[in-house]
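Report on the structure given below.
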Amino acid sequence: MMNPALPVNIDDLLRQRTIEGERVEYKAGWNPEAVLHTLCAFANDFHNLGGGYIVIGVEESYGGPVLPPKGIDPRGFETIQKEVLRLGYHGLQPQYHPLSATYTIRDRSILVLWAPGGEMRPYKAKVSLAKDSKEWGYFIRRNSSTVRAKGADERELLGLAATVPFDDRYNQAASLDDLSPRLIRDFLDEVGSELAKEATGLSPQVLGTRMNIIGGPSEAPFPKNVGLLFFNDAPQRFFPATQIDVVWFPEGPGGDRFDEKVFQGPLARITRDAIDYINRNYIKETVVKHPDRPEAERFWNFPRAAVEEAVVNAVYHRSYEEREPVEVRITPEDLVVLSFPGPDRSISMQALRAGKAVCRRYRNRRIGEFLKELDLTEGRSTGIPKILKVMKANGSPPPEIESDEDRTSFLLRLPVHPRAAKLARTSGVQSGGQSGDQSGARSKQILGALQGAPQSIRELAVTLDLRARTGSLRRAVSDLLAAGLIEYTLPDKPRSRLQKYRLTPKGRTAPGPGGRGGGNE
């Protein structure tokens, strides 16, 4: 058994600061049967939370740890680790092995088993370790307890067979050289991981294995998608449109002027950079002094916490298989965050709008895990309730949440504070930088490009010599669709990866470069 430091701060584990109770189980002493069942539950990762940790040598009370730890005799560590290895071979099907690490807390020794979500679920374990027992069962986590899956839970678990979330799959198009040791070390330092002390002396393969960002066979390992998203300087090479577009419309979405800034790079960096850019340029606090009382009235056009939560929520829950970026559209009237696809159909929009929706299964379990470590999100379906709370506290109208029937997109609109909008109009001052008269020009370019054969959004970007499918391109396509100048080649499947656009009869007579309706701009 390996005895590495784990990629989590031990203080966070014992205080449950970033690791919620559903992902931690405390054991006062070594109980092989109970540990086996919990390993099985974490490997099954029924709710796609990223597995969990078993802390041996710490008593549990009401779901939390009892400190100082009870501890275990360090002379027994090697025996326990060998037993865990044996259980992984003979007590679990398919075979499964956690990583382990030892810690000394207040002069007491404890053992931590890290059990990431498995890649070959569903896993089953021996129900009893008695000599003559031959019964096997499936185990899952239910809140902070390990239970045997039965009935509907068992059927649902079996339905997850061989399905591993996209962010936890290994990427055969990349190599270990695509993982940046510098970015990994920076992350470990920031989250206070014990592994940071060892990182410089470890090979990329060993370091990546301990962080569970490498997968595949031992003789030919590959980086996992989550590793490339966080620890590669240009993840958009592997996942096109991994970016955040921030667009400012000083005249509203119907105007001809807009500013656009595109953020590309490691996921944590672009999330923070985009939020910082929005805060610096478009988030304004208004202070109103009253002659009849000493207290000034303060409010924001958009509350910072609501904006941050909306952006992080989009980064967390979007699909990185979709070739669409996260887009933040800002006007004098609202701030809109758009991502693809929408929430799972099991979540009712009514419950979501009320802040009462609870997601049983997360699309990106590993992305959420890293964002939590960086304190960028709390997870556990707290995003929308927090936005509702801070919007109300600021005196702003409630947010608006939209998704279509097929849940192909998710739109979160934060209306501007009404008094902030009124003061901005009366003063004639608006946020934002310089704008360009680009919208009409882009539409004409698209009409000209489609005079020949139909083209996909990707082909249009190449034809128009754009570095990516930018927000201006997508908006222009959307406007042309709405105006009836272009149409889908697959109208019944608007989100199909084979979707292309073609001119309508009306579009063929519209002005455009090279088109019959007009000449060049």
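Order determines the names: the first chain of the structure tokens is A, the second B, and so forth; residues in each chain are numbered 1 upward, and ligands are numbered 1 upward as they are shown.
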
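For A:Glu333, the set of protein, DNA and RNA residues having any atom at most 9 Å away, when counting only C-alpha atoms and skipping those fewer than 2 positions along the same chain, is Gly252, Ile330, Thr331, Leu335, Leu414, Pro415, Val416, His417, Pro418 and Ala421 of chain A.
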
So which residues of stretch 91-131 of chain A fall under strand (DSSP E) by DSSP, listed as number ranges by chain? A: 92-93, 99-105, 108-115, 124-126

Spatial neighbours of stretch 187-189 of chain A, 9 Å, only C-alpha atoms, chain gap at least 5 places, as a PDB file with N, CA and C atoms, in the first residue's frame:
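So around.pdb came out as:
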ATOM      1  N   PRO A   7      -4.443  14.794  -1.326  1.00  0.00           N
ATOM      2  CA  PRO A   7      -4.674  16.141  -1.857  1.00  0.00           C
ATOM      3  C   PRO A   7      -5.833  16.849  -1.171  1.00  0.00           C
ATOM      4  N   VAL A   8      -5.820  16.866   0.150  1.00  0.00           N
ATOM      5  CA  VAL A   8      -6.837  17.569   0.917  1.00  0.00           C
ATOM      6  C   VAL A   8      -6.191  17.981   2.228  1.00  0.00           C
ATOM      7  N   ARG A 182       3.657  23.180 -12.469  1.00  0.00           N
ATOM      8  CA  ARG A 182       3.564  24.489 -11.808  1.00  0.00           C
ATOM      9  C   ARG A 182       2.135  24.777 -11.342  1.00  0.00           C
ATOM     10  N   GLU A 194      -1.252  18.765   2.389  1.00  0.00           N
ATOM     11  CA  GLU A 194       0.002  18.176   2.852  1.00  0.00           C
ATOM     12  C   GLU A 194       0.853  17.704   1.676  1.00  0.00           C
ATOM     13  N   LEU A 195       0.206  17.407   0.576  1.00  0.00           N
ATOM     14  CA  LEU A 195       0.925  16.911  -0.600  1.00  0.00           C
ATOM     15  C   LEU A 195       1.836  17.979  -1.201  1.00  0.00           C
ATOM     16  N   ALA A 196       1.574  19.257  -0.892  1.00  0.00           N
ATOM     17  CA  ALA A 196       2.382  20.341  -1.449  1.00  0.00           C
ATOM     18  C   ALA A 196       3.848  20.207  -1.048  1.00  0.00           C
ATOM     19  N   LYS A 197       4.087  19.677   0.159  1.00  0.00           N
ATOM     20  CA  LYS A 197       5.462  19.547   0.645  1.00  0.00           C
ATOM     21  C   LYS A 197       6.248  18.521  -0.154  1.00  0.00           C
ATOM     22  N   ALA A 199       5.414  17.627  -3.450  1.00  0.00           N
ATOM     23  CA  ALA A 199       5.129  17.713  -4.887  1.00  0.00           C
ATOM     24  C   ALA A 199       6.377  17.884  -5.743  1.00  0.00           C
ATOM     25  N   PHE A 231      -5.294  22.106 -14.905  1.00  0.00           N
ATOM     26  CA  PHE A 231      -3.837  22.135 -14.824  1.00  0.00           C
ATOM     27  C   PHE A 231      -3.169  22.108 -16.191  1.00  0.00           C
ATOM     28  N   LEU A 374     -11.003  25.254  -3.619  1.00  0.00           N
ATOM     29  CA  LEU A 374     -10.547  26.624  -3.841  1.00  0.00           C
ATOM     30  C   LEU A 374     -11.494  27.663  -3.249  1.00  0.00           C
TER      31      LEU A 374
END

Please provide the set of residues having any atom within 10 Å of A:Val337, restricted to only C-alpha atoms, with same-chain residues fewer than 6 positions apart removed, written as a ChimeraX atom specification. /A:244-246,307,310-311,313-314,326-330,401,410-414

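Residue nearest A:Gln93 within the list A:Lys70, A:Arg106, A:Lys124, A:Arg475: A:Lys124 [criterion: smallest interatomic distance, only C-alpha atoms].
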
Distance query stretch 454-460 of chain A at most 8 Å, only C-alpha atoms, self and fewer than 6 positions along chain excluded, as a ChimeraX atom specification: /A:446,468-469,474,489,498-503

Write out as a PyMOL selection string the set of residues from stretch 68-209 of chain A that DSSP, computed on the backbone, places in helix (DSSP H, G or I). chain A and resi 74-90+151-159+166-168+176-178+181-191+196-199+204-209

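Atom CA of A:Phe340 to atom CA of A:Pro325 spans 7.9 Å [interatomic distance, one decimal].
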
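Taking atom CA of A:Thr271 and atom CA of A:Val315 as endpoints, the distance between them is 7.4 Å.
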
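Using only C-alpha atoms, the nearest neighbour of A:Arg407 within the list A:Glu135, A:Pro385, A:Met349, A:Lys422 is A:Met349.
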
Would you mind telling me which residue in A:Ile80, A:Leu466, A:Ala130, A:Leu160 lies nearest to A:Val35 when using only C-alpha atoms? A:Ile80

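The coordinates place atom CA of A:Ser396 at 24.1 Å from atom CA of A:Pro291.
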